[in-house]
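Raw structure30.txt, compact mmCIF, C-alpha atoms:
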# COMPACT_ATOMS: atom_id res chain seq x y z
CA MET A 1184 -0.59 -12.76 6.35
CA HIS A 1185 -1.82 -10.91 3.30
CA GLU A 1186 -5.15 -12.75 3.43
CA MET A 1187 -5.47 -12.03 7.15
CA GLY A 1188 -5.04 -8.30 6.54
CA ILE A 1189 -7.79 -8.31 3.94
CA VAL A 1190 -10.09 -10.36 6.19
CA ILE A 1191 -9.68 -7.82 9.00
CA HIS A 1192 -10.70 -4.99 6.65
CA LEU A 1193 -13.57 -7.00 5.21
CA ALA A 1194 -14.94 -7.63 8.72
CA LYS A 1195 -14.66 -3.93 9.63
CA THR A 1196 -16.33 -2.85 6.39
CA LEU A 1197 -19.23 -5.28 6.94
CA ASP A 1198 -19.59 -4.32 10.60
CA ASP A 1199 -19.90 -0.67 9.48
CA THR A 1200 -22.48 -1.68 6.88
CA ALA A 1201 -24.49 -3.61 9.49
CA LYS A 1202 -24.60 -0.52 11.72
CA GLU A 1203 -25.60 1.80 8.87
CA GLU A 1204 -28.30 -0.54 7.54
CA HIS A 1205 -29.49 -1.67 11.01
CA LEU A 1206 -28.76 -5.34 10.36
CA SER A 1207 -28.91 -7.82 13.23
CA ARG A 1208 -27.21 -10.75 11.48
CA ILE A 1209 -25.30 -11.32 8.26
CA GLY A 1210 -25.91 -14.83 6.92
CA SER A 1211 -23.70 -14.95 3.87
CA VAL A 1212 -21.13 -12.79 2.17
CA THR A 1213 -20.35 -13.09 -1.53
CA LEU A 1214 -16.98 -11.78 -2.67
CA GLN A 1215 -15.71 -11.38 -6.21
CA VAL A 1216 -12.01 -12.13 -6.31
CA GLY A 1217 -9.81 -11.43 -9.33
CA GLU A 1218 -7.87 -14.35 -10.71
CA VAL A 1219 -4.56 -12.49 -10.35
CA SER A 1220 -5.37 -10.58 -7.13
CA GLY A 1221 -2.91 -12.85 -5.33
CA ILE A 1222 -5.53 -14.04 -2.84
CA ILE A 1223 -5.28 -17.73 -1.96
CA THR A 1224 -8.96 -18.62 -1.68
CA ASP A 1225 -8.75 -21.65 0.68
CA TYR A 1226 -6.52 -19.78 3.07
CA PHE A 1227 -8.78 -16.72 2.82
CA VAL A 1228 -11.85 -18.74 3.90
CA ASP A 1229 -9.87 -20.21 6.83
CA CYS A 1230 -8.85 -16.72 7.93
CA TRP A 1231 -12.48 -15.58 7.67
CA ASN A 1232 -13.76 -18.42 9.81
CA TYR A 1233 -11.11 -17.67 12.42
CA PHE A 1234 -11.75 -13.93 12.53
CA LYS A 1235 -15.52 -13.53 11.97
CA VAL A 1236 -16.41 -14.55 15.55
CA LYS A 1237 -14.92 -11.31 16.82
CA TYR A 1238 -17.98 -9.52 15.42
CA PRO A 1239 -21.30 -10.87 16.75
CA VAL A 1240 -23.16 -9.75 13.62
CA LEU A 1241 -20.79 -11.83 11.43
CA ALA A 1242 -20.25 -14.83 13.70
CA GLN A 1243 -22.67 -17.11 11.83
CA SER A 1244 -21.80 -15.89 8.35
CA GLU A 1245 -20.65 -18.03 5.47
CA LEU A 1246 -18.20 -16.73 2.88
CA HIS A 1247 -18.75 -17.43 -0.83
CA LEU A 1248 -16.07 -16.57 -3.35
CA GLU A 1249 -16.59 -15.97 -7.07
CA THR A 1250 -13.61 -15.69 -9.40
CA ILE A 1251 -13.28 -12.84 -11.89
CA PRO A 1252 -11.15 -14.08 -14.83
CA ALA A 1253 -8.08 -11.99 -15.56
CA VAL A 1254 -8.06 -10.22 -18.93
CA THR A 1255 -5.17 -8.31 -20.49
CA LYS A 1256 -5.45 -5.77 -23.31
CA CYS A 1257 -2.75 -5.11 -25.88
CA GLY A 1258 -2.01 -1.46 -26.62
CA ASN A 1259 -0.34 -2.32 -29.90
CA CYS A 1260 -2.95 -4.49 -31.70
CA GLY A 1261 -5.96 -3.77 -29.49
CA ASN A 1262 -6.82 -7.43 -28.79
CA THR A 1263 -7.66 -8.78 -25.36
CA TYR A 1264 -6.50 -12.15 -24.06
CA GLU A 1265 -6.38 -14.45 -21.00
CA THR A 1266 -3.73 -13.10 -18.63
CA VAL A 1267 -2.99 -16.37 -16.81
CA ARG A 1268 -2.43 -18.30 -20.04
CA TYR A 1269 -0.26 -15.80 -21.90
CA GLY A 1270 1.17 -13.39 -19.32
CA LYS A 1271 2.63 -10.02 -20.22
CA GLU A 1272 3.43 -10.71 -23.91
CA CYS A 1273 0.53 -10.36 -26.37
CA PRO A 1274 -0.07 -13.74 -28.09
CA PHE A 1275 -1.33 -11.96 -31.25
CA CYS A 1276 1.46 -9.48 -32.02
CA HIS A 1277 4.09 -10.25 -29.31
CA SER A 1278 4.02 -6.69 -28.03
CA MET A 1279 4.89 -6.06 -24.36
CA GLU A 1280 2.74 -2.89 -24.29
CA THR A 1281 -0.07 -4.66 -22.49
CA TRP A 1282 -2.07 -3.97 -19.35
CA LEU A 1283 -4.49 -5.74 -17.07
CA VAL A 1284 -8.13 -4.82 -17.74
CA GLU A 1285 -9.63 -6.87 -14.93
CA GLY A 1286 -8.64 -9.65 -12.55
CA ASN A 1287 -7.02 -7.77 -9.67
CA GLU A 1288 -10.25 -6.96 -7.80
CA CYS A 1289 -11.58 -7.94 -4.42
CA ILE A 1290 -15.16 -6.70 -4.25
CA ILE A 1291 -17.99 -7.43 -1.82
CA LYS A 1292 -20.74 -8.31 -4.29
CA GLU A 1293 -23.63 -8.87 -1.90
CA ILE A 1294 -24.61 -10.00 1.56
CA GLU A 1295 -27.59 -11.88 2.89
CA ALA A 1296 -28.82 -10.29 6.10
CA GLU A 1297 -31.58 -9.94 8.65
CA SER A 1298 -32.60 -6.48 9.75
CA GLU A 1299 -33.08 -5.47 13.38
CA ILE A 1300 -36.85 -5.02 13.14
CA GLY A 1301 -37.19 -8.66 12.10
CA SER A 1302 -38.37 -8.21 8.52
CA SER A 1303 -36.82 -10.55 6.01
CA MET B 1099 -33.13 -12.77 5.10
CA GLN B 1100 -32.77 -10.06 2.52
CA ILE B 1101 -30.06 -9.75 -0.07
CA ILE B 1102 -28.20 -6.46 -0.09
CA GLU B 1103 -26.03 -5.61 -3.08
CA LEU B 1104 -22.91 -3.79 -1.95
CA LYS B 1105 -20.46 -3.70 -4.87
CA GLU B 1106 -17.94 -2.25 -2.48
CA SER B 1107 -14.21 -2.82 -2.23
CA VAL B 1108 -13.18 -5.13 0.61
CA THR B 1109 -10.91 -2.42 1.95
CA ALA B 1110 -13.63 0.27 1.90
CA SER B 1111 -13.40 0.85 5.68
CA ASN B 1112 -9.65 1.36 5.39
CA ASP B 1113 -10.07 3.70 2.42
CA ARG B 1114 -12.50 5.85 4.44
CA ASP B 1115 -10.05 6.04 7.37
CA ALA B 1116 -7.26 6.96 4.95
CA GLU B 1117 -9.28 9.89 3.56
CA ILE B 1118 -9.92 11.13 7.13
CA ILE B 1119 -6.16 11.08 7.81
CA ARG B 1120 -5.40 13.01 4.60
CA GLU B 1121 -7.98 15.65 5.59
CA LYS B 1122 -6.45 16.01 9.07
CA LEU B 1123 -2.94 16.35 7.66
CA LYS B 1124 -4.06 18.96 5.17
CA GLU B 1125 -5.84 21.02 7.83
CA ASN B 1126 -2.74 20.82 9.96
CA GLY B 1127 -0.20 21.50 7.20
CA THR B 1128 1.80 18.30 7.74
CA PHE B 1129 3.20 16.31 4.82
CA LEU B 1130 3.19 12.53 5.36
CA ALA B 1131 5.33 10.40 3.06
CA ASN B 1132 4.69 6.66 3.04
CA ILE B 1133 8.07 5.00 2.37
CA MET B 1134 7.90 1.46 0.98
CA SER B 1135 10.63 -0.95 -0.08
CA SER B 1136 12.00 -4.45 0.36
CA PRO B 1137 14.12 -5.21 3.46
CA GLY B 1138 17.70 -4.01 3.14
CA SER B 1139 17.07 -1.39 0.46
CA GLY B 1140 18.62 1.28 2.66
CA LYS B 1141 15.46 3.02 3.91
CA THR B 1142 16.88 3.84 7.33
CA THR B 1143 20.22 5.04 5.89
CA LEU B 1144 18.40 7.27 3.41
CA LEU B 1145 16.11 8.68 6.10
CA SER B 1146 19.03 9.25 8.48
CA ARG B 1147 20.88 11.36 5.92
CA THR B 1148 17.68 13.19 4.98
CA ILE B 1149 16.97 14.06 8.62
CA ILE B 1150 20.53 15.32 9.16
CA ASP B 1151 20.33 17.52 6.04
CA LEU B 1152 16.79 18.87 6.49
CA SER B 1153 16.26 19.10 10.25
CA GLY B 1154 17.50 22.70 10.20
CA SER B 1155 14.58 23.70 7.96
CA TYR B 1156 11.79 21.36 9.08
CA LYS B 1157 10.41 19.69 12.16
CA ILE B 1158 10.57 16.03 11.22
CA GLY B 1159 8.90 12.94 12.66
CA VAL B 1160 9.27 9.27 11.77
CA ILE B 1161 6.80 6.43 12.27
CA GLU B 1162 8.73 3.17 12.16
CA ALA B 1163 6.58 0.18 11.30
CA ASP B 1164 8.14 -3.11 12.13
CA ILE B 1165 6.97 -6.58 12.90
CA ALA B 1166 9.13 -6.49 16.05
CA SER B 1167 12.17 -4.74 17.65
CA SER B 1168 13.02 -1.05 17.95
CA VAL B 1169 16.47 -0.83 16.40
CA ASP B 1170 15.46 1.65 13.69
CA ALA B 1171 13.61 4.01 16.03
CA GLU B 1172 16.69 4.31 18.25
CA ARG B 1173 18.89 5.19 15.25
CA ILE B 1174 16.43 7.90 14.16
CA GLU B 1175 15.96 9.41 17.64
CA ALA B 1176 19.73 9.84 17.95
CA LEU B 1177 19.62 12.18 14.91
CA GLY B 1178 17.14 14.52 16.56
CA ALA B 1179 13.89 13.68 14.78
CA ARG B 1180 10.89 12.64 16.80
CA SER B 1181 10.18 8.96 16.35
CA VAL B 1182 7.69 6.28 17.32
CA GLN B 1183 7.76 2.59 16.64
CA VAL B 1184 4.54 0.89 15.64
CA HIS B 1185 4.66 -2.86 15.97
CA THR B 1186 2.32 -4.42 13.43
CA ASP B 1187 2.11 -7.63 15.49
CA GLY B 1188 3.05 -9.88 12.62
CA MET B 1189 1.02 -8.06 9.98
CA CYS B 1190 2.98 -7.47 6.82
CA HIS B 1191 1.82 -3.90 6.14
CA MET B 1192 0.58 -0.67 7.71
CA ASP B 1193 -3.05 0.31 7.30
CA ALA B 1194 -4.79 3.63 7.91
CA GLY B 1195 -5.81 2.78 11.48
CA MET B 1196 -2.23 1.98 12.46
CA THR B 1197 -0.96 5.15 10.75
CA LEU B 1198 -3.37 7.26 12.78
CA THR B 1199 -2.21 5.60 16.00
CA GLY B 1200 1.38 6.37 14.99
CA LEU B 1201 0.62 10.01 14.13
CA GLU B 1202 -1.14 10.56 17.43
CA ALA B 1203 1.70 8.93 19.37
CA LEU B 1204 4.11 11.29 17.56
CA ASN B 1205 2.01 14.24 18.70
CA TYR B 1206 2.24 15.41 15.09
CA PRO B 1207 0.50 18.84 15.00
CA ASP B 1208 3.74 20.86 15.19
CA LEU B 1209 5.57 18.67 12.64
CA ASP B 1210 6.11 19.79 9.02
CA LEU B 1211 7.21 16.47 7.62
CA VAL B 1212 6.51 12.91 8.75
CA PHE B 1213 8.00 9.77 7.21
CA LEU B 1214 6.08 6.55 7.59
CA GLU B 1215 8.63 3.76 7.24
CA ASN B 1216 6.38 0.93 6.11
CA VAL B 1217 7.16 -2.76 6.66
CA GLY B 1218 9.90 -3.98 4.29
CA ASN B 1219 7.85 -5.86 1.72
CA LEU B 1220 7.01 -5.17 -1.94
CA ILE B 1221 3.55 -6.75 -2.00
CA CYS B 1222 1.08 -6.03 0.80
CA PRO B 1223 1.99 -2.41 1.66
CA ALA B 1224 0.99 -1.46 -1.90
CA GLU B 1225 -2.54 -2.79 -1.37
CA PHE B 1226 -3.46 -0.73 1.68
CA ASP B 1227 -3.93 3.02 1.62
CA THR B 1228 -2.13 4.39 4.69
CA GLY B 1229 -3.62 7.87 4.43
CA ALA B 1230 -0.24 9.34 3.48
CA SER B 1231 -0.05 12.48 1.35
CA LYS B 1232 2.27 10.72 -1.11
CA SER B 1233 3.84 7.28 -1.49
CA VAL B 1234 7.54 6.82 -2.16
CA MET B 1235 9.11 3.54 -3.18
CA ILE B 1236 12.79 2.80 -2.68
CA LEU B 1237 14.49 0.45 -5.11
CA SER B 1238 18.17 -0.18 -4.46
CA VAL B 1239 20.55 -0.96 -7.31
CA PRO B 1240 21.57 -4.44 -5.98
CA GLU B 1241 17.91 -5.57 -6.15
CA GLY B 1242 17.98 -5.35 -9.95
CA ASP B 1243 16.25 -3.36 -12.70
CA ASP B 1244 13.64 -6.11 -13.24
CA LYS B 1245 11.71 -5.35 -10.04
CA PRO B 1246 9.01 -3.27 -11.82
CA LEU B 1247 8.20 -6.39 -13.86
CA LYS B 1248 7.92 -8.58 -10.75
CA TYR B 1249 6.07 -6.24 -8.39
CA PRO B 1250 3.97 -4.09 -10.73
CA LEU B 1251 1.42 -2.90 -8.14
CA MET B 1252 4.11 -1.38 -5.92
CA PHE B 1253 5.36 0.74 -8.84
CA SER B 1254 1.83 1.61 -9.97
CA VAL B 1255 0.76 3.12 -6.64
CA SER B 1256 3.97 5.06 -5.88
CA ASP B 1257 4.27 8.76 -6.74
CA LEU B 1258 8.04 8.74 -6.55
CA ILE B 1259 10.58 5.96 -7.04
CA LEU B 1260 13.98 6.58 -5.49
CA VAL B 1261 16.68 4.37 -7.00
CA THR B 1262 19.17 4.16 -4.13
CA LYS B 1263 22.76 2.95 -3.72
CA THR B 1264 23.74 4.39 -7.12
CA ASP B 1265 27.35 4.33 -5.85
CA THR B 1266 27.20 0.54 -6.48
CA LEU B 1267 26.16 0.90 -10.18
CA PRO B 1268 29.65 -0.09 -11.45
CA TYR B 1269 29.32 -3.50 -9.75
CA PHE B 1270 25.87 -4.54 -10.93
CA ASN B 1271 24.18 -5.03 -14.30
CA PHE B 1272 21.55 -2.44 -13.46
CA ASP B 1273 20.28 -0.51 -16.48
CA LEU B 1274 18.90 2.74 -15.11
CA GLU B 1275 17.24 3.76 -18.39
CA LYS B 1276 15.58 0.36 -18.85
CA CYS B 1277 14.36 0.49 -15.26
CA ARG B 1278 12.92 3.98 -15.79
CA GLN B 1279 11.08 2.83 -18.93
CA ARG B 1280 9.64 -0.18 -17.10
CA ILE B 1281 8.39 2.06 -14.29
CA LEU B 1282 6.86 4.64 -16.64
CA ARG B 1283 5.09 1.92 -18.61
CA LEU B 1284 3.30 0.90 -15.40
CA ASN B 1285 2.83 4.40 -14.08
CA PRO B 1286 3.24 7.29 -16.54
CA ASN B 1287 2.90 9.85 -13.71
CA ALA B 1288 5.70 8.43 -11.56
CA GLN B 1289 8.86 10.40 -10.92
CA VAL B 1290 12.16 8.53 -10.79
CA ILE B 1291 15.13 9.97 -8.91
CA PRO B 1292 18.44 8.03 -8.64
CA VAL B 1293 20.38 8.83 -5.44
CA SER B 1294 23.18 7.64 -3.22
CA ALA B 1295 22.68 8.36 0.47
CA LYS B 1296 26.25 7.21 1.06
CA THR B 1297 28.02 9.66 -1.27
CA GLY B 1298 25.23 12.25 -1.27
CA GLU B 1299 24.96 12.09 -5.07
CA ASN B 1300 21.75 13.68 -6.36
CA MET B 1301 20.22 13.88 -2.87
CA ASP B 1302 19.31 17.50 -3.68
CA ALA B 1303 16.76 16.31 -6.25
CA TRP B 1304 15.05 14.24 -3.52
CA TYR B 1305 15.14 17.21 -1.13
CA ASP B 1306 13.64 19.48 -3.78
CA TRP B 1307 10.79 17.02 -4.21
CA LEU B 1308 10.21 16.95 -0.44
CA LYS B 1309 10.36 20.74 -0.19
CA THR B 1310 7.80 21.18 -2.98
CA GLU B 1311 5.43 18.63 -1.46
CA THR B 1312 5.77 20.04 2.05
CA LYS B 1313 5.07 23.53 0.69
CA ASN B 1314 1.97 22.23 -1.11
CA CYS B 1315 0.64 21.02 2.25
CA LYS B 1316 0.88 24.41 3.90
Using the file provided, produce a representation of the structure as structure tokens.
Amino acid sequence: MHEMGIVIHLAKTLDDTAKEEHLSRIGSVTLQVGEVSGIITDYFVDCWNYFKVKYPVLAQSELHLETIPAVTKCGNCGNTYETVRYGKECPFCHSMETWLVEGNECIIKEIEAESEIGSS
Amino acid sequence: MQIIELKESVTASNDRDAEIIREKLKENGTFLANIMSSPGSGKTTLLSRTIIDLSGSYKIGVIEADIASSVDAERIEALGARSVQVHTDGMCHMDAGMTLTGLEALNYPDLDLVFLENVGNLICPAEFDTGASKSVMILSVPEGDDKPLKYPLMFSVSDLILVTKTDTLPYFNFDLEKCRQRILRLNPNAQVIPVSAKTGENMDAWYDWLKTETKNCK
């Protein structure tokens, strides 16, 4: 259900973009998804394929997902480390004063599209 | 085909709608509080008491978001606040578009204070901006003081955390100070107010917060 909600917003955002940029067809959509964003990628692609047909401009589009690795920074010793491997506790100094630097994103990186006047 | 770089958040369309709602509310002088929590945290009980205690001073409306049924809306209507039920049709959260539908159905322009009772869930509602003036999270004592560790985003996006059912503190191993520290570590700007809607303990602190925020919207 979480994936479906995001897909609905993604489709709306892209439909808006197509109108603003006068695009007739979007061929591919590349998303950058953080490793700890909680998005299940296979399920996300299924949801996209189910929902995209509701927007003619997106109906033929293909979704590509790129993963952004999750990185945590330690406020105590200043090191950064892999979030998924070590979690909340810093592996260098065992401090819990740590925070996520990146890995929670869901960003539309780029789209491949045809414009209305036919130029490519 | 041309490649267009967007570098835009997936929820950009929702974020734009949310800003439009905030503008409308500000122009109108209505304060909208987005209330989030897990199911059974006592949201409806807390709101019921709040409506009884504040309806003399403010015109209050409630948008009830639920996957189905209208039990909560009926309870709220009986207390004299205006209420609408928005069925999310299986979706696990409210988004800005649904909030706007709810506000319009409430006929909100004469209301001072509107509560948006979001779907009971600690994950998805935190990810979608509803357009509310402020977000409030309810954490009840029986749920445990470890919740900030398990659902960090919910605590990071909330302006106020109400720790409810404090009348049950003697029966649970809930460390209020530890919980407060965990919340502040995630969100240094958060306010934490412990209350009991059942006994009325410390409810005035919650009302003071609401009064200040409502005044700021005028």
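Among the candidates A:Ser1211, A:Val1236, A:Thr1196, A:Met1187, the one nearest to chain B when counting only C-alpha atoms is A:Thr1196.
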Check which residues of chain A sit at most 7 Å from chain B using only C-alpha atoms, and return one row each with the closest pair of atoms and their distance in Å to one decimal, ordered by chain and rising number, as CSV.
residue,atom,partner,partner_atom,distance
A:Met1184,CA,B:Met1189,CA,6.2
A:His1185,CA,B:Cys1222,CA,6.2
A:Gly1188,CA,B:Met1189,CA,7.0
A:Ile1189,CA,B:Thr1109,CA,7.0
A:His1192,CA,B:Thr1109,CA,5.4
A:Leu1193,CA,B:Val1108,CA,5.0
A:Lys1195,CA,B:Ser1111,CA,6.3
A:Thr1196,CA,B:Ser1111,CA,4.8
A:Cys1289,CA,B:Val1108,CA,6.0
A:Ile1290,CA,B:Ser1107,CA,4.5
A:Ile1291,CA,B:Glu1106,CA,5.2
A:Lys1292,CA,B:Lys1105,CA,4.7
A:Glu1293,CA,B:Glu1103,CA,4.2
A:Ile1294,CA,B:Ile1102,CA,5.3
A:Glu1295,CA,B:Ile1101,CA,4.4
A:Ala1296,CA,B:Met1099,CA,5.1
A:Glu1297,CA,B:Met1099,CA,4.8
A:Ser1303,CA,B:Met1099,CA,4.4
- Item | Point (3.1, 6.5, -7.1) neighbourhood (12 Å, only C-alpha atoms) written as a ChimeraX atom specification | /B:1131-1134,1224,1227,1230-1236,1250-1260,1281-1282,1284-1290
- Task: Using all atoms listed in the file, determine which residues lie at most 7 Å from Val1184 (chain B), disregarding the query and same-chain residues fewer than 6 positions distant; provide the list as a list in words.
- Result: Ile1161, Glu1162, Ala1163, Asp1164 and Gly1200 of chain B
- Of the candidates B:Asn1205, B:Asn1216, B:Thr1128, B:Thr1199, which shows the shortest atom-to-atom distance to Lys1309 (chain B), using all atoms listed in the file?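 Ranking B:Asn1205, B:Asn1216, B:Thr1128, B:Thr1199 by distance to Lys1309 (chain B), first place goes to B:Thr1128.
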- So which residues touch Gly1218 (chain B) within 7 Å, counting only C-alpha atoms, skipping near sequence neighbours fewer than 4 positions away, as a PyMOL selection string? chain B and resi 1134-1137
- Task: Using only C-alpha atoms, determine which residues lie at most 7 Å from Pro1252 (chain A), disregarding the query and same-chain residues fewer than 5 positions distant; provide the list as JSON, numbers by chain.
- Result: {"A": [1217, 1218, 1286]}
- Message: Around the point (-1.0, -11.0, -32.3) (coordinates from the file), which residues reach within 10 Å if we count all atoms listed in the file? Answer as a VMD selection string.
- Response: chain A and resid 1257 1259 to 1264 1272 to 1278
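Going from CA of Val1190 (chain A) over to CA of His1247 (chain A), you cover 13.2 Å.
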- Query: Which residue out of A:Ile1191, A:Val1219, A:Ile1300, A:Val1240 has the minimum interatomic distance to Val1284 (chain A) when only C-alpha atoms are used?
  - Reply: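 The answer is A:Val1219, which sits nearest to Val1284 (chain A).
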If you keep N, CA and C atoms, can you output region 1197-1218 of chain A as a tab-separated table (two decimals), in the first residue's frame?
chain	number	residue	atom	x	y	z
A	1197	LEU	N	4.77	13.35	-12.81
A	1197	LEU	CA	5.25	13.23	-14.19
A	1197	LEU	C	4.23	13.76	-15.19
A	1198	ASP	N	2.95	13.55	-14.89
A	1198	ASP	CA	1.91	14.08	-15.77
A	1198	ASP	C	1.97	15.61	-15.79
A	1199	ASP	N	2.20	16.21	-14.61
A	1199	ASP	CA	2.37	17.67	-14.53
A	1199	ASP	C	3.57	18.11	-15.36
A	1200	THR	N	4.68	17.37	-15.21
A	1200	THR	CA	5.90	17.71	-15.95
A	1200	THR	C	5.65	17.65	-17.45
A	1201	ALA	N	4.94	16.61	-17.90
A	1201	ALA	CA	4.66	16.44	-19.33
A	1201	ALA	C	3.87	17.62	-19.86
A	1202	LYS	N	2.93	18.11	-19.06
A	1202	LYS	CA	2.13	19.27	-19.48
A	1202	LYS	C	2.99	20.52	-19.57
A	1203	GLU	N	3.81	20.73	-18.52
A	1203	GLU	CA	4.66	21.93	-18.49
A	1203	GLU	C	5.67	21.94	-19.63
A	1204	GLU	N	6.25	20.76	-19.91
A	1204	GLU	CA	7.33	20.68	-20.91
A	1204	GLU	C	6.80	20.33	-22.30
A	1205	HIS	N	5.49	20.22	-22.44
A	1205	HIS	CA	4.85	19.85	-23.72
A	1205	HIS	C	5.41	18.54	-24.26
A	1206	LEU	N	5.34	17.51	-23.44
A	1206	LEU	CA	5.83	16.19	-23.85
A	1206	LEU	C	4.65	15.34	-24.31
A	1207	SER	N	4.83	14.60	-25.40
A	1207	SER	CA	3.73	13.76	-25.90
A	1207	SER	C	3.81	12.34	-25.32
A	1208	ARG	N	5.04	11.90	-24.99
A	1208	ARG	CA	5.20	10.52	-24.52
A	1208	ARG	C	6.45	10.43	-23.65
A	1209	ILE	N	6.32	9.76	-22.54
A	1209	ILE	CA	7.49	9.50	-21.69
A	1209	ILE	C	7.88	8.05	-21.87
A	1210	GLY	N	9.12	7.82	-22.31
A	1210	GLY	CA	9.57	6.46	-22.64
A	1210	GLY	C	10.15	5.72	-21.45
A	1211	SER	N	10.97	6.43	-20.67
A	1211	SER	CA	11.50	5.76	-19.49
A	1211	SER	C	11.64	6.75	-18.35
A	1212	VAL	N	11.57	6.21	-17.15
A	1212	VAL	CA	11.66	7.02	-15.94
A	1212	VAL	C	12.74	6.39	-15.07
A	1213	THR	N	13.73	7.19	-14.67
A	1213	THR	CA	14.77	6.65	-13.79
A	1213	THR	C	14.62	7.26	-12.40
A	1214	LEU	N	14.43	6.37	-11.43
A	1214	LEU	CA	14.27	6.82	-10.04
A	1214	LEU	C	15.49	6.43	-9.22
A	1215	GLN	N	15.87	7.29	-8.30
A	1215	GLN	CA	16.92	6.94	-7.34
A	1215	GLN	C	16.25	6.66	-6.01
A	1216	VAL	N	16.43	5.44	-5.53
A	1216	VAL	CA	15.73	5.01	-4.32
A	1216	VAL	C	16.75	4.69	-3.23
A	1217	GLY	N	16.60	5.32	-2.09
A	1217	GLY	CA	17.49	5.08	-0.96
A	1217	GLY	C	17.35	3.66	-0.43
A	1218	GLU	N	18.47	3.13	0.00
A	1218	GLU	CA	18.52	1.74	0.47
A	1218	GLU	C	17.61	1.50	1.69
